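Chemist: One file: final.txt (compact mmCIF, C-alpha atoms).
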# COMPACT_ATOMS: atom_id res chain seq x y z
CA MET A 580 0.00 0.00 0.00
CA LYS A 581 2.78 2.35 1.02
CA GLN A 582 4.78 1.30 -2.00
CA LEU A 583 1.81 2.08 -4.19
CA TRP A 584 1.51 5.52 -2.65
CA VAL A 585 5.15 6.34 -3.23
CA HIS A 586 4.80 5.04 -6.75
CA GLY A 587 1.83 7.28 -7.32
CA LEU A 588 3.73 10.24 -5.96
CA ARG A 589 6.61 9.56 -8.29
CA GLY A 590 4.11 9.48 -11.12
CA VAL A 591 2.76 12.86 -10.09
CA CYS A 592 6.30 14.25 -10.00
CA VAL A 593 6.98 12.97 -13.52
CA VAL A 594 3.73 14.50 -14.78
CA LEU A 595 4.52 17.82 -13.14
CA LEU A 596 8.03 17.78 -14.52
CA THR A 597 6.77 17.04 -18.02
CA ALA A 598 4.16 19.76 -17.70
CA SER A 599 6.75 22.28 -16.55
CA VAL A 600 8.95 21.45 -19.51
CA CYS A 601 6.01 21.66 -21.95
CA PHE A 602 4.80 24.98 -20.69
CA GLY A 603 8.24 26.43 -20.33
CA LEU A 604 7.85 26.88 -16.58
CA HIS A 605 11.45 25.84 -16.06
CA ALA A 606 12.60 28.94 -17.90
CA GLN A 607 11.59 31.08 -14.94
CA PRO A 608 14.43 31.92 -12.57
CA ALA A 609 14.01 29.77 -9.47
CA ALA A 610 14.89 32.64 -7.16
CA SER A 611 11.70 34.52 -7.91
CA THR A 612 9.48 31.55 -7.05
CA PRO A 613 10.23 30.60 -3.47
CA ALA A 614 7.32 28.14 -3.38
CA LEU A 615 8.81 26.14 -6.20
CA ARG A 616 12.24 26.27 -4.68
CA GLU A 617 11.06 24.91 -1.36
CA ALA A 618 9.51 21.90 -3.03
CA ALA A 619 12.72 21.15 -4.86
CA PRO A 620 14.13 18.38 -2.64
CA MET A 621 11.18 16.15 -3.51
CA ALA A 622 11.84 16.31 -7.23
CA GLU A 623 15.58 16.30 -6.84
CA ASP A 624 15.76 12.81 -5.50
CA PRO A 625 12.42 11.06 -5.06
CA GLN A 626 14.13 7.90 -3.89
CA LEU A 627 15.83 9.73 -1.05
CA GLU A 628 12.54 11.37 -0.06
CA ALA A 629 10.76 8.02 -0.14
CA ARG A 630 13.34 6.59 2.22
CA LEU A 631 13.09 9.66 4.42
CA VAL A 632 9.32 9.22 4.68
CA ASN A 633 9.77 5.53 5.36
CA ILE A 634 12.25 6.05 8.18
CA SER A 635 10.61 9.06 9.74
CA GLN A 636 7.25 7.32 10.00
CA GLU A 637 8.95 5.02 12.48
CA LEU A 638 10.30 7.92 14.52
CA ARG A 639 8.56 10.06 17.09
CA CYS A 640 8.63 13.82 17.07
CA LEU A 641 9.92 14.87 20.48
CA VAL A 642 8.10 18.18 20.62
CA CYS A 643 4.63 16.91 19.79
CA GLN A 644 4.98 13.45 21.15
CA ASN A 645 2.02 11.82 19.45
CA GLU A 646 3.12 12.71 15.97
CA SER A 647 5.62 10.90 13.85
CA LEU A 648 8.65 12.68 12.51
CA ALA A 649 7.16 12.35 9.03
CA SER A 650 3.96 14.23 9.85
CA SER A 651 5.17 16.79 12.37
CA HIS A 652 5.46 20.47 11.53
CA ALA A 653 7.57 21.27 14.58
CA GLU A 654 10.84 23.01 13.89
CA LEU A 655 12.86 20.30 15.57
CA ALA A 656 11.18 17.75 13.31
CA ASP A 657 12.34 19.80 10.32
CA ASP A 658 15.89 19.77 11.64
CA LEU A 659 15.81 16.07 12.35
CA ARG A 660 14.47 15.33 8.87
CA ARG A 661 17.35 17.37 7.46
CA GLU A 662 19.72 15.31 9.60
CA VAL A 663 18.15 12.03 8.40
CA ARG A 664 18.39 13.26 4.79
CA ASP A 665 22.11 13.95 5.28
CA LEU A 666 22.64 10.52 6.78
CA ILE A 667 20.86 8.88 3.83
CA ARG A 668 23.13 10.81 1.46
CA GLN A 669 26.13 9.54 3.41
CA GLY A 670 24.97 6.03 2.57
CA LYS A 671 23.90 5.02 6.07
CA THR A 672 21.50 2.11 6.49
CA ASP A 673 18.08 2.57 8.12
CA GLN A 674 19.35 0.83 11.23
CA GLU A 675 22.37 3.12 11.48
CA ILE A 676 20.14 6.17 11.15
CA LYS A 677 17.83 4.94 13.89
CA ASP A 678 20.83 4.17 16.09
CA PHE A 679 22.09 7.71 15.53
CA LEU A 680 18.84 9.17 16.86
CA VAL A 681 18.47 6.67 19.69
CA ALA A 682 21.97 7.54 20.89
CA ARG A 683 20.85 11.15 21.26
CA TYR A 684 17.20 11.02 22.18
CA GLY A 685 16.82 7.53 23.65
CA ASP A 686 14.47 4.65 22.83
CA PHE A 687 11.65 7.14 23.11
CA VAL A 688 12.15 8.28 19.51
CA LEU A 689 11.27 4.84 18.21
CA TYR A 690 7.60 4.05 17.75
CA ARG A 691 8.61 0.41 17.82
CA PRO A 692 11.23 0.17 20.57
CA GLU A 693 13.73 -2.64 20.37
CA VAL A 694 12.95 -5.79 22.34
CA LYS A 695 15.48 -5.82 25.18
CA PRO A 696 15.29 -6.37 28.95
CA LEU A 697 14.41 -2.71 29.56
CA THR A 698 11.43 -2.86 27.20
CA TRP A 699 10.20 -6.35 28.13
CA VAL A 700 7.44 -4.97 30.32
CA LEU A 701 6.30 -2.79 27.43
CA TRP A 702 6.28 -5.62 24.89
CA PHE A 703 5.15 -8.56 26.98
CA GLY A 704 3.35 -6.86 29.88
CA PRO A 705 -0.07 -6.89 28.21
CA PHE A 706 0.22 -10.59 27.35
CA VAL A 707 1.31 -11.42 30.90
CA LEU A 708 -1.71 -9.49 32.20
CA LEU A 709 -3.96 -11.40 29.80
CA LEU A 710 -2.50 -14.69 30.98
CA VAL A 711 -2.98 -13.78 34.65
CA ALA A 712 -6.56 -12.75 33.93
CA ALA A 713 -7.20 -16.04 32.10
CA VAL A 714 -5.83 -18.05 35.03
CA PHE A 715 -8.03 -16.12 37.45
CA LEU A 716 -11.06 -16.66 35.25
CA GLY A 717 -10.33 -20.40 35.00
CA VAL A 718 -9.94 -20.78 38.77
CA TYR A 719 -13.11 -18.80 39.36
CA LEU A 720 -15.18 -20.81 36.88
CA ARG A 721 -13.96 -24.08 38.32
CA GLN A 722 -14.79 -23.00 41.86
CA ARG A 723 -18.23 -21.91 40.81
CA ARG A 724 -18.94 -25.17 39.10
CA GLN A 725 -18.03 -27.05 42.26
CA GLN A 726 -20.36 -24.89 44.30
CA LEU A 727 -23.29 -25.48 42.02
CA VAL A 728 -25.67 -28.10 43.39
CA PRO A 729 -28.00 -29.62 40.82
CA ALA A 730 -31.54 -28.73 41.83
CA VAL A 731 -33.74 -31.77 42.20
CA LEU A 732 -37.48 -31.38 41.76
CA SER A 733 -39.80 -33.01 44.18
CA ASP A 734 -42.76 -35.00 42.82
CA GLU A 735 -45.14 -32.23 43.70
CA GLU A 736 -43.04 -29.63 41.86
CA ARG A 737 -42.77 -31.82 38.82
CA ALA A 738 -46.52 -32.22 38.67
CA ARG A 739 -47.01 -28.45 38.93
CA ALA A 740 -44.48 -27.80 36.18
CA GLN A 741 -46.23 -30.25 33.89
CA GLN A 742 -49.51 -28.56 34.56
CA TRP A 743 -48.03 -25.19 33.59
CA LEU A 744 -46.61 -26.66 30.40
CA LYS A 745 -49.97 -28.05 29.43
CA GLY A 746 -51.88 -24.90 30.28
CA MET B 1126 -14.98 -12.06 54.37
CA LYS B 1127 -11.41 -11.84 53.13
CA LYS B 1128 -12.46 -12.27 49.51
CA VAL B 1129 -14.57 -9.14 49.61
CA PHE B 1130 -11.40 -7.07 49.97
CA ILE B 1131 -9.61 -8.43 46.92
CA PRO B 1132 -11.23 -6.03 44.41
CA LEU B 1133 -10.61 -3.18 46.84
CA ILE B 1134 -6.92 -4.06 47.11
CA VAL B 1135 -6.63 -4.36 43.33
CA PHE B 1136 -8.38 -1.02 42.94
CA LEU B 1137 -6.10 0.70 45.46
CA GLY B 1138 -3.07 -0.74 43.68
CA LEU B 1139 -4.36 0.71 40.43
CA VAL B 1140 -4.94 4.09 42.09
CA VAL B 1141 -1.36 4.19 43.37
CA PHE B 1142 -0.06 3.18 39.95
CA LEU B 1143 -2.05 5.87 38.13
CA ALA B 1144 -1.29 8.51 40.77
CA ILE B 1145 2.44 7.98 40.24
CA GLY B 1146 1.88 8.17 36.50
CA LEU B 1147 0.05 11.47 36.82
CA GLN B 1148 2.82 13.02 38.90
CA ARG B 1149 5.41 12.42 36.21
CA ASP B 1150 6.09 14.85 33.42
CA PRO B 1151 5.67 13.11 30.05
CA ARG B 1152 7.91 15.73 28.46
CA GLU B 1153 10.82 14.65 30.59
CA ILE B 1154 12.54 11.94 28.64
CA PRO B 1155 15.50 10.21 30.25
CA SER B 1156 18.56 11.19 28.26
CA PRO B 1157 20.69 8.36 26.89
CA LEU B 1158 23.63 10.77 27.07
CA LEU B 1159 23.79 10.60 30.84
CA ASN B 1160 27.18 9.28 31.98
CA LYS B 1161 28.40 9.38 28.38
CA PRO B 1162 31.14 11.67 27.07
CA ALA B 1163 29.79 15.07 26.03
CA PRO B 1164 29.67 15.20 22.20
CA ASP B 1165 32.54 17.15 20.74
CA PHE B 1166 32.07 20.20 18.55
CA SER B 1167 33.81 23.37 17.50
CA LEU B 1168 31.70 26.51 17.13
CA SER B 1169 32.16 30.25 16.91
CA THR B 1170 31.52 32.11 20.13
CA LEU B 1171 29.43 35.13 20.86
CA GLU B 1172 32.49 37.23 21.58
CA GLY B 1173 34.65 36.67 18.54
CA ASP B 1174 35.95 34.39 15.87
CA GLU B 1175 37.80 32.15 18.26
CA LYS B 1176 36.19 28.74 18.29
CA PHE B 1177 35.12 26.94 21.41
CA SER B 1178 35.14 23.21 21.94
CA PRO B 1179 34.25 21.22 25.09
CA ALA B 1180 37.80 19.84 25.22
CA GLN B 1181 38.88 23.27 26.46
CA MET B 1182 36.94 22.66 29.68
CA GLN B 1183 38.87 19.48 30.50
CA GLY B 1184 39.70 19.37 34.20
CA LYS B 1185 36.78 21.59 35.18
CA VAL B 1186 33.25 20.82 36.29
CA TRP B 1187 31.07 23.08 34.18
CA MET B 1188 27.52 23.86 33.28
CA PHE B 1189 26.25 23.88 29.69
CA ASN B 1190 23.06 25.90 29.31
CA VAL B 1191 20.95 26.00 26.14
CA TRP B 1192 19.33 29.38 25.59
CA ALA B 1193 18.03 31.84 23.00
CA THR B 1194 16.67 35.36 23.08
CA TRP B 1195 13.35 34.14 21.62
CA CYS B 1196 12.95 31.57 24.39
CA VAL B 1197 10.31 32.78 26.81
CA ALA B 1198 11.06 30.29 29.58
CA CYS B 1199 14.70 31.40 29.50
CA ARG B 1200 13.63 34.77 30.83
CA GLU B 1201 12.34 33.06 33.93
CA GLU B 1202 15.49 31.01 34.30
CA HIS B 1203 18.02 33.69 33.49
CA PRO B 1204 18.06 35.65 36.79
CA VAL B 1205 18.60 32.35 38.60
CA LEU B 1206 21.67 31.64 36.49
CA VAL B 1207 22.99 35.18 36.88
CA ALA B 1208 22.72 34.93 40.67
CA PHE B 1209 24.32 31.50 40.60
CA ALA B 1210 27.24 32.71 38.49
CA GLN B 1211 27.88 35.59 40.88
CA LYS B 1212 27.85 33.36 43.93
CA HIS B 1213 29.62 30.23 42.79
CA ASN B 1214 32.79 29.55 40.92
CA VAL B 1215 31.26 27.24 38.35
CA PRO B 1216 31.82 28.18 34.70
CA ILE B 1217 28.61 28.32 32.71
CA VAL B 1218 28.93 27.98 28.96
CA GLY B 1219 25.91 29.03 26.93
CA LEU B 1220 24.67 27.28 23.81
CA SER B 1221 22.87 29.92 21.79
CA TYR B 1222 20.40 27.57 20.10
CA LYS B 1223 19.02 28.56 16.69
CA GLU B 1224 18.98 32.24 17.48
CA ILE B 1225 17.78 32.97 13.94
CA GLN B 1226 14.40 31.27 13.61
CA PRO B 1227 13.05 30.22 10.19
CA GLN B 1228 10.43 32.95 10.27
CA ASP B 1229 13.06 35.64 10.94
CA GLU B 1230 13.94 37.97 8.13
CA ALA B 1231 17.61 37.20 8.60
CA ALA B 1232 16.96 33.49 8.02
CA LYS B 1233 17.33 33.96 4.28
CA SER B 1234 20.70 35.73 4.53
CA SER B 1235 24.15 34.24 4.22
CA PRO B 1236 25.66 32.36 7.18
CA GLU B 1237 27.97 35.31 7.92
CA VAL B 1238 25.11 37.78 8.12
CA LYS B 1239 23.07 35.37 10.21
CA LEU B 1240 25.93 34.97 12.67
CA GLN B 1241 26.33 38.72 12.92
CA VAL B 1242 22.62 39.35 13.49
CA ALA B 1243 22.51 36.56 16.08
CA ARG B 1244 25.50 38.00 17.90
CA GLU B 1245 24.10 41.53 17.95
CA ARG B 1246 20.75 40.35 19.22
CA SER B 1247 22.29 38.12 21.90
CA VAL B 1248 24.64 40.82 23.16
CA VAL B 1249 21.77 43.27 23.58
CA TRP B 1250 19.70 40.66 25.38
CA LEU B 1251 22.55 39.70 27.72
CA LYS B 1252 23.20 43.36 28.51
CA ARG B 1253 19.62 43.80 29.54
CA HIS B 1254 19.22 40.56 31.49
CA GLY B 1255 22.78 40.03 32.76
CA ASN B 1256 25.42 37.64 31.47
CA PRO B 1257 26.13 34.52 33.52
CA TYR B 1258 28.15 32.87 30.75
CA VAL B 1259 31.94 32.64 30.48
CA THR B 1260 31.21 32.29 26.79
CA SER B 1261 28.32 31.38 24.52
CA VAL B 1262 28.67 29.25 21.43
CA MET B 1263 26.55 30.01 18.41
CA ASP B 1264 24.65 26.96 17.20
CA LEU B 1265 22.79 28.59 14.34
CA ASP B 1266 21.58 25.49 12.51
CA GLY B 1267 20.85 23.51 15.68
CA ARG B 1268 23.25 20.68 14.77
CA VAL B 1269 25.12 20.70 18.06
CA GLY B 1270 21.72 20.78 19.76
CA ILE B 1271 20.81 17.54 18.00
CA HIS B 1272 24.05 15.91 19.12
CA TYR B 1273 23.18 16.84 22.69
CA GLY B 1274 19.62 15.61 22.31
CA VAL B 1275 18.10 19.06 22.76
CA TYR B 1276 14.36 19.12 22.13
CA GLY B 1277 13.24 22.11 24.17
CA VAL B 1278 14.93 25.28 25.32
CA PRO B 1279 16.12 25.81 28.04
CA GLU B 1280 18.12 22.70 28.80
CA THR B 1281 21.04 22.40 31.17
CA TYR B 1282 23.87 19.89 31.43
CA ILE B 1283 26.49 19.34 34.12
CA ILE B 1284 29.74 18.02 32.66
CA ASP B 1285 32.53 16.67 34.85
CA LYS B 1286 36.31 17.06 34.73
CA GLN B 1287 36.69 14.17 32.30
CA GLY B 1288 34.09 15.64 29.96
CA VAL B 1289 31.31 13.22 30.90
CA ILE B 1290 27.70 14.40 31.14
CA ARG B 1291 26.53 13.85 34.72
CA TYR B 1292 23.20 15.60 34.75
CA LYS B 1293 20.62 16.89 32.34
CA ARG B 1294 17.68 19.13 33.02
CA VAL B 1295 14.99 19.78 30.43
CA GLY B 1296 13.21 22.99 31.29
CA VAL B 1297 13.80 25.83 33.66
CA VAL B 1298 16.48 25.52 36.36
CA THR B 1299 14.97 26.72 39.64
CA PRO B 1300 16.76 27.91 42.79
CA GLU B 1301 15.42 24.80 44.57
CA LEU B 1302 16.84 22.51 41.91
CA LEU B 1303 20.21 24.27 42.15
CA ALA B 1304 20.33 24.01 45.93
CA ASP B 1305 18.98 20.48 46.28
CA LYS B 1306 20.45 18.69 43.32
CA ILE B 1307 22.84 20.57 41.10
CA LEU B 1308 25.15 22.19 43.67
CA PRO B 1309 25.64 19.01 45.74
CA LEU B 1310 26.43 17.16 42.52
CA ILE B 1311 28.94 19.81 41.42
CA ASN B 1312 30.61 19.78 44.84
CA GLU B 1313 30.92 16.03 44.72
CA LEU B 1314 32.31 16.07 41.18
CA ASN B 1315 34.81 18.74 42.17
CA LYS B 1316 36.15 16.54 44.95
CA SER B 1317 36.99 13.61 42.70
Can you turn what I pasted into structure tokens?
Modeler:
Amino acid sequence: MKQLWVHGLRGVCVVLLTASVCFGLHAQPAASTPALREAAPMAEDPQLEARLVNISQELRCLVCQNESLASSHAELADDLRREVRDLIRQGKTDQEIKDFLVARYGDFVLYRPEVKPLTWVLWFGPFVLLLVAAVFLGVYLRQRRQQLVPAVLSDEERARAQQWLKG
Amino acid sequence: MKKVFIPLIVFLGLVVFLAIGLQRDPREIPSPLLNKPAPDFSLSTLEGDEKFSPAQMQGKVWMFNVWATWCVACREEHPVLVAFAQKHNVPIVGLSYKEIQPQDEAAKSSPEVKLQVARERSVVWLKRHGNPYVTSVMDLDGRVGIHYGVYGVPETYIIDKQGVIRYKRVGVVTPELLADKILPLINELNKS
């Protein structure tokens, strides 16, 4: 799905580029069109931008903590995206880039923290809780079953019940 | 009889758990840089073209304080630092963090002009509010800030004689914090 999206975006870029060539838009000096200039990095290297989006979706923005680095408009997010872009250009792997940020901002920047003793509670805590709850439920149900005494009807009660059923 | 209390005990446990959670500041993220060597850098200072790098502070226990003239919380913190600098012999180095903001007019100028504008603005601000810093380094693009894991101004670090970060505070340094935590730590680090 994500791949498709990136693909689509690349298509849009190609269309725009073709259009700009056709209509002679490229002849305009870039300096007079700041809006166009700001969008430049996207067209410059779509592959780099795709990787940037991919990586930064996995990273948390530290200023607005419930946003990913990819979607945040905070200034620090801008700076960190620039940093990630530079690291991609230097040929770093995704893991190396994540390690770079973790070394500075801690595991907190990762939306999917590594599985290690410190994060065990985070990863396995819910399952442990579920297990404990299941054990409690099992014990409770078993106890209740033992306490249940099958109700036996007396002859008189049976006769009355049959009468009700008929009526 | 005993069984009746089990839900109550579970509930009280939950209350304690949530109460502790509520007391904590979600913005305060434990820094992975604690007890790690302070990242090296070399930056121009506020005063002149001479560069500053943390290696120059080797053998001293020092304070590294992130600030900017646009930072509102810094105005609250600043008098505390000024008083501290007057009273104690602990060098405070300032990190002037992204003095030129993207929305500033100067943001579009050349790096040289930006540095000059940032210096002028900072000098005026320090004249008005007092200068607790032995020097301030100009981190215009925020790169050094990233290496130190800065995500909100002000932030304060205590760095020991070997250049290892021993303490980090995100947010305003208060007189209480200085008296209860920072000064005892500095005294201890100075002994070793």
Chemist: What residues in chain A have any atom no more than 9 Å from chain B when counting only C-alpha atoms, and can you write them as number ranges by chain?
Modeler: A: 641-642, 644, 654-655, 658-659, 662, 680-687
Chemist: Could you name the residues that touch Leu1310 in chain B at 12 Å or less, counting all atoms listed in the file, but leaving out those on the same chain fewer than 4 positions away, as a PyMOL selection string?
Modeler: chain B and resi 1186-1188+1215+1282-1285+1290-1293+1302-1306+1314-1317
Chemist: Rounded to one decimal in Å, what is the spacing between CA of Ser1234 in chain B and CA of Val1278 in chain B?
Modeler: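 Result for CA of Ser1234 in chain B versus CA of Val1278 in chain B: 24.0 Å, one decimal.
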Chemist: Report the distance between CA of Asn633 in chain A and CA of Ala653 in chain A in Å, rounded to one decimal place.
Modeler: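 So the two atoms, CA of Asn633 in chain A and CA of Ala653 in chain A, lie 18.4 Å apart.
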Chemist: As an exercise, work out the distance from CA of Trp1195 in chain B to CA of Ala1243 in chain B in Å and give it to one decimal place.
Modeler: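 CA of Ala1243 in chain B lies 11.0 Å from CA of Trp1195 in chain B.
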Chemist: Kindly indicate which residue among A:Asp657, A:Glu736, A:Glu637, A:Glu623 lies nearest to Pro692 in chain A, using all atoms listed in the file for the distances.
Modeler: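 Of the candidates, the smallest distance to Pro692 in chain A is held by A:Glu637.
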Chemist: Residues within 9 Å of Val632 in chain A, please, as a list in words. Count only C-alpha atoms; anything in the same chain fewer than 6 positions from it doesn't count.
Modeler: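 Skipping anything fewer than 6 positions along the chain leaves Leu648, Ala649 and Ser650 of chain A.
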Chemist: Write the selection just made, keeping C-alpha atoms, as a PDB file, in the frame of the given file?
Modeler:
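And here's selection29.pdb as it stands now:
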ATOM      1  CA  LEU A 648       8.650  12.680  12.510  1.00  0.00           C
ATOM      2  CA  ALA A 649       7.160  12.350   9.030  1.00  0.00           C
ATOM      3  CA  SER A 650       3.960  14.230   9.850  1.00  0.00           C
TER       4      SER A 650
END
Chemist: So which one's closest to Lys671 in chain A, A:Pro729, A:Leu631, A:Leu689, A:Ala656? Using all atoms listed in the file, please.
Modeler: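 The shortest atom-to-atom distance to Lys671 in chain A comes from A:Leu631.
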Chemist: Please provide the set of residues having any atom within 9 Å of Arg664 in chain A, restricted to only C-alpha atoms, with same-chain residues fewer than 6 positions apart removed, written as a short mmCIF file (atom, residue, chain, number, x, y, z; two decimals) with C-alpha atoms, in the coordinates of the input.
Modeler:
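Contents of the output file part.cif:
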data_model
loop_
_atom_site.label_atom_id
_atom_site.label_comp_id
_atom_site.auth_asym_id
_atom_site.auth_seq_id
_atom_site.Cartn_x
_atom_site.Cartn_y
_atom_site.Cartn_z
CA LEU A 627 15.83 9.73 -1.05
CA GLU A 628 12.54 11.37 -0.06
CA ARG A 630 13.34 6.59 2.22
CA LEU A 631 13.09 9.66 4.42
#
Chemist: Pick the closest to Pro1236 in chain B from B:Glu1280, B:Glu1201, B:Asp1264, B:Asp1150: which is it, counting all atoms listed in the file?
Modeler: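 Answer, going by the shortest atom-to-atom distance: B:Asp1264.
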Chemist: Kindly indicate which residue among B:Leu1171, B:Gln1183, B:Asn1190, B:Pro1204 lies nearest to Val1242 in chain B, using only C-alpha atoms for the distances.
Modeler: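 Smallest separation from Val1242 in chain B among the options: B:Leu1171.
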Chemist: Kindly indicate which residue among B:Gly1173, B:Pro1162, B:Pro1179, B:Gly1146 lies nearest to Arg1244 in chain B, using all atoms listed in the file for the distances.
Modeler: B:Gly1173
Chemist: For range 674-683 of chain A, what centre and edge lengths in Å (one decimal) does the axis-aligned box get once 5 Å is added on each side of all its listed atoms, as lines of an AutoDock Vina configuration file?
Modeler:
center_x = 20.1
center_y = 6.0
center_z = 16.2
size_x = 14.5
size_y = 20.3
size_z = 20.1
